[in-house]
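A short write-up of the structure that comes next.
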There are 2 protein chains.
Amino acid sequence: MPSAERDYLRIADLLRQRIRAGEWQLGERLPSRAKLALEYNVKATKLQKAQELLISEGLLESYAGSGTFLREPPVRRRMYRSLHPELHNPAPFRLDIGEVTEGSGWESQTRSRVRAGERLAARLGIEPGADTVHTTYEFLIGGRPTQLAESWEPMAITGSSRVVFPDLGPYSGQGVVARMAAIGVTVDRVVEHPRPDRATQSQANMLGIPVHDLLTVIERTYYDVNGRAVETADLVIPDSRWEITYELPIGRQQP
Amino acid sequence: MPSAERDYLRIADLLRQRIRAGEWQLGERLPSRAKLALEYNVKATKLQKAQELLISEGLLESYAGSGTFLREPPVRRRMYRSLHPELHNPAPFRLDIGEVTEGSGWESQTRSRVRAGERLAARLGIEPGADTVHTTYEFLIGGRPTQLAESWEPMAITGSSRVVFPDLGPYSGQGVVARMAAIGVTVDRVVEHPRPDRATQSQANMLGIPVHDLLTVIERTYYDVNGRAVETADLVIPDSRWEITYELPIGRQQP
DNA sequence: TCGAATTTGTGCGTATGTATC
DNA sequence: GGATACATACGCACAAATTCG
C-alpha cells in the first residue's frame, strides 16, 4: 500500500463529510475545483484526485466544462432474462419498465448489405464477407437513451427485399421470434454471453453517464430448430441504470 | 478529443509493432521502462503511459518490482448457466472444465452463526441479525484460483448442528439442490444478477490478475417451492478467464 | 540473510487542451 | 467569443515490491 502523503484522501474525507451533511442537493453542482482548492488551501490537483475517488465510488460525477455534480442514486430498473412459465407469457423475456410510458421506446436505424467481419461471421456461423442486415438501437426512457444495442441478421435468412420490423426492438424476444416466425423460421433457443466492460467516450455521451463507467455487454444469439444462428446482437447495459435478472426453474424435468 | 502532444501514443504504436513482430515470447519480460526510454530517447513517464495503454488493451501486464510482461492470451473457459433438457443432465448447470483434472476443485472455509447485515438479510428475506452459515470458496484449476465465491444460508434452514457439504461447491447447482433435498427442502428456482465490477487489490492477488481488471459478479439466490430463499452467493468471475453462457430454450411451452 | 539495486506504482505540480456556458 | 469548468500530457520525486548479489 502506498503511504506517501495521500493528502488527497484527507480532502476526499472532508468532501464526503460535507456531502453526508447534506450541504448539496442531489444533482446540484459543487463549487469548482479552483474554489474548493482555495478554500482548503491546497493545489487544484489534490481536489481533482479526491473527486476522482468519490466519482469512482459513485458519489459524484463530473463533466468537462459544466462542473462536478452530486450524483443522484439512479433509478435502477430490472431487466428480466428469464423463462416464466407461471406467467403464461408467450414471450420468453420480459422487460420491466413499470410505470414509464412517456418518451419510451426503441429508436433504430437499419442498414442492409453489411459485410460480416471475422468475429461476426463466427458468431453467426456464416462465411466472412457474407451480407447481413445491421440495425443499431437506442432504448429511450423519458426521452433519454438508457440502453444501446446493435444487431445483425444474415441476409440469407432475412432476405434482401423483405421488410424488417426494427421498431419491435431487439428486446422482449417477441420481436425476433415473431419476425422469424413470419418468414417460416422457428426460433428455438437463445444464448447470451454477459461480459463486463467500461463505457467508451461515445457510449458515455449517448447514455449520459461518466466515461469508463461499468457496463454489461450481452452478446446474444438466437438459433433456429436446426441450430442455425438467425440473429445476433450486442446489448449495452449501463450498470448504474439496470439490474439484470436471469431466472431459471430447477429440477422440474418432464421428459 | 485531446490532441495535446500525445507522444505516448507514438511510443505505444512502436511497442505494438515490436510485439506483433514477435520480438518477445508470450510471458516474457520486456526491457525495463528505463531501458526502453533510453532507447527511444524519451522520458520514462511516456513509456509508462504507453505501457498502461497496452495493459488496458490486455497486451501487457506489469507488476511492481518484477517487470512488464507480454501477456499470454489466457485460456478462456466456458461457464454454462443453463437448462439443458436435451442433455438429460439432472444437474441444471454445467461447468465446462474439459480436460483439466489435476489440481482442480473447490477449496472452502465455513463459519456458522454469522449474523446477517442489512443487505444480506434483504437478499435472504430474513431478519437483520439472524444467523447464517457463511462459506468462502476458491475454485482452483491447475492449483491456482480462477474464481472466488461466498455463500450464505439461513441457519434457520440449514440447522445449527447439521453438517454442510461445502466441498460440493457452490457451482454445478447439484451441491445446493442435493444438500437441500437431504433436509427435505425442494429447491425450485434460481435467480442470478450478473453485474460488472473491477478487481480489488485482494481479489487481484488471489486470482493472479492485474488490479482493476474486469470481473463479473453474479449474485445468485436459490428459492424453494414456497418462494423462500434457501441460499445466496456472490460468484466472482474474472472476465479474462471465463466466458459466461446463459442458454435458454424458447417457445416450447407445455402447460 | 539481508541490504542494495532495479523496476513498477503513486502523489502531485505545471502547462495546456477541450467542453460548456 | 470570452470566461470558466474539467481533462490530459508530462515531468519529477519518491514509495513499494521484487530481485539479486
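Chain labels run A, B, ... following the order of the C-alpha cells; each chain numbers its residues from 1, and ligands are numbered from 1 in the order shown.
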- Tell me, as a PyMOL selection string, which residues lie within 8 Å of stretch 123-139 of chain A, counting only C-alpha atoms (C1' of nucleotides); anything in the same chain fewer than 5 positions away does not count. chain A and resi 104-118+144-156+158+166+169-170+221+228-232
- Task: Using only C-alpha atoms (C1' of nucleotides), find which residues of chain C lie within 9 Å of chain A and jot them down as a PyMOL selection string.
- Result: chain C and resi 9-13+18-21
- Write out as a PyMOL selection string all residues of stretch 123-211 of chain A that DSSP puts in strand (DSSP E) for this structure's backbone. chain A and resi 131-141+144-154+187-198
Now that the selection is made, can you save its residues with N, CA and C atoms as a short mmCIF file (atom, residue, chain, number, x, y, z; two decimals), in the first residue's frame?
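Contents of selection.cif, freshly written:
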data_model
loop_
_atom_site.label_atom_id
_atom_site.label_comp_id
_atom_site.auth_asym_id
_atom_site.auth_seq_id
_atom_site.Cartn_x
_atom_site.Cartn_y
_atom_site.Cartn_z
N ASP A 131 -23.31 -11.12 -46.59
CA ASP A 131 -24.15 -9.95 -46.29
C ASP A 131 -24.99 -10.16 -45.05
N THR A 132 -25.15 -9.06 -44.29
CA THR A 132 -26.05 -9.08 -43.13
C THR A 132 -26.90 -7.82 -43.14
N VAL A 133 -27.94 -7.85 -42.35
CA VAL A 133 -28.72 -6.64 -42.08
C VAL A 133 -28.31 -6.15 -40.70
N HIS A 134 -27.85 -4.92 -40.65
CA HIS A 134 -27.31 -4.37 -39.41
C HIS A 134 -28.24 -3.30 -38.88
N THR A 135 -28.62 -3.41 -37.62
CA THR A 135 -29.51 -2.42 -37.03
C THR A 135 -28.91 -1.93 -35.71
N THR A 136 -28.91 -0.62 -35.53
CA THR A 136 -28.48 -0.05 -34.25
C THR A 136 -29.72 0.50 -33.54
N TYR A 137 -29.75 0.29 -32.24
CA TYR A 137 -30.90 0.69 -31.44
C TYR A 137 -30.48 1.60 -30.28
N GLU A 138 -31.38 2.50 -29.94
CA GLU A 138 -31.27 3.19 -28.67
C GLU A 138 -32.59 3.02 -27.94
N PHE A 139 -32.50 2.56 -26.71
CA PHE A 139 -33.72 2.40 -25.93
C PHE A 139 -33.90 3.62 -25.06
N LEU A 140 -34.98 4.35 -25.32
CA LEU A 140 -35.21 5.61 -24.61
C LEU A 140 -36.20 5.42 -23.47
N ILE A 141 -35.90 6.05 -22.35
CA ILE A 141 -36.88 6.19 -21.28
C ILE A 141 -36.90 7.67 -20.91
N ARG A 144 -34.57 9.89 -22.93
CA ARG A 144 -33.12 9.74 -22.88
C ARG A 144 -32.73 8.28 -23.06
N PRO A 145 -31.68 8.04 -23.84
CA PRO A 145 -31.25 6.65 -24.05
C PRO A 145 -30.71 6.04 -22.76
N THR A 146 -31.14 4.84 -22.44
CA THR A 146 -30.62 4.16 -21.26
C THR A 146 -29.99 2.82 -21.62
N GLN A 147 -30.20 2.38 -22.84
CA GLN A 147 -29.53 1.18 -23.30
C GLN A 147 -29.23 1.36 -24.78
N LEU A 148 -28.18 0.70 -25.22
CA LEU A 148 -27.84 0.68 -26.64
C LEU A 148 -27.82 -0.76 -27.10
N ALA A 149 -28.06 -0.95 -28.38
CA ALA A 149 -27.97 -2.30 -28.92
C ALA A 149 -27.63 -2.24 -30.40
N GLU A 150 -27.05 -3.31 -30.87
CA GLU A 150 -26.68 -3.47 -32.27
C GLU A 150 -27.01 -4.89 -32.63
N SER A 151 -27.70 -5.09 -33.73
CA SER A 151 -28.00 -6.47 -34.10
C SER A 151 -27.61 -6.74 -35.55
N TRP A 152 -27.34 -7.99 -35.83
CA TRP A 152 -27.02 -8.42 -37.19
C TRP A 152 -27.81 -9.68 -37.51
N GLU A 153 -28.39 -9.71 -38.71
CA GLU A 153 -29.06 -10.92 -39.17
C GLU A 153 -28.47 -11.30 -40.52
N PRO A 154 -28.21 -12.58 -40.73
CA PRO A 154 -27.70 -12.99 -42.04
C PRO A 154 -28.75 -12.66 -43.11
N VAL A 187 -37.68 -20.03 -34.13
CA VAL A 187 -36.57 -19.77 -33.21
C VAL A 187 -36.69 -20.73 -32.05
N ASP A 188 -35.58 -21.37 -31.73
CA ASP A 188 -35.61 -22.48 -30.79
C ASP A 188 -34.96 -22.15 -29.46
N ARG A 189 -33.84 -21.43 -29.52
CA ARG A 189 -33.16 -21.12 -28.27
C ARG A 189 -32.30 -19.88 -28.42
N VAL A 190 -31.93 -19.33 -27.30
CA VAL A 190 -31.11 -18.13 -27.30
C VAL A 190 -29.93 -18.36 -26.37
N VAL A 191 -28.76 -17.89 -26.79
CA VAL A 191 -27.56 -18.00 -25.98
C VAL A 191 -27.08 -16.59 -25.69
N GLU A 192 -26.80 -16.32 -24.43
CA GLU A 192 -26.34 -14.99 -24.05
C GLU A 192 -25.03 -15.06 -23.30
N HIS A 193 -24.08 -14.24 -23.73
CA HIS A 193 -22.81 -14.11 -23.03
C HIS A 193 -22.71 -12.74 -22.40
N PRO A 194 -22.99 -12.59 -21.12
CA PRO A 194 -22.80 -11.29 -20.49
C PRO A 194 -21.32 -11.10 -20.15
N ARG A 195 -20.80 -9.91 -20.47
CA ARG A 195 -19.42 -9.62 -20.08
C ARG A 195 -19.29 -8.19 -19.61
N PRO A 196 -18.40 -7.95 -18.66
CA PRO A 196 -18.21 -6.61 -18.13
C PRO A 196 -17.39 -5.76 -19.10
N ASP A 197 -17.64 -4.47 -19.09
CA ASP A 197 -16.85 -3.56 -19.93
C ASP A 197 -16.94 -2.16 -19.33
N ARG A 198 -16.08 -1.28 -19.85
CA ARG A 198 -16.13 0.13 -19.44
C ARG A 198 -16.68 0.96 -20.58
#
- Pull out every residue of chain D sitting within 7 Å of chain A, counting only C-alpha atoms (C1' of nucleotides), and send them as a list of chain:residue names.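 The selection requested is D:DA5, D:DC6, D:DA7, D:DA15, D:DA16.
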Selection from above, C-alpha atoms (C1' of nucleotides), as a PDB file, in the first residue's frame, can you write it?
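The resulting file, part.pdb, is shown below:
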ATOM      1  C1'  DA D   5     -15.025  24.483 -15.953  1.00  0.00           C
ATOM      2  C1'  DC D   6     -12.894  19.844 -16.126  1.00  0.00           C
ATOM      3  C1'  DA D   7      -9.420  16.625 -18.694  1.00  0.00           C
ATOM      4  C1'  DA D  15       7.255   4.844  -2.256  1.00  0.00           C
ATOM      5  C1'  DA D  16       6.511  -0.097  -2.678  1.00  0.00           C
TER       6       DA D  16
END
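Note that the spacing between atom CA of B:Asp13 and atom CA of B:Val75 amounts to 25.9 Å.
Coordinates place atom CA of B:Asn205 at a distance of 13.9 Å from atom CA of B:Ile237.
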- Please provide the set of residues having any atom within 12 Å of C:DA4, restricted to only C-alpha atoms (C1' of nucleotides), with same-chain residues fewer than 6 positions apart removed, written as a PyMOL selection string. chain D and resi 19-21
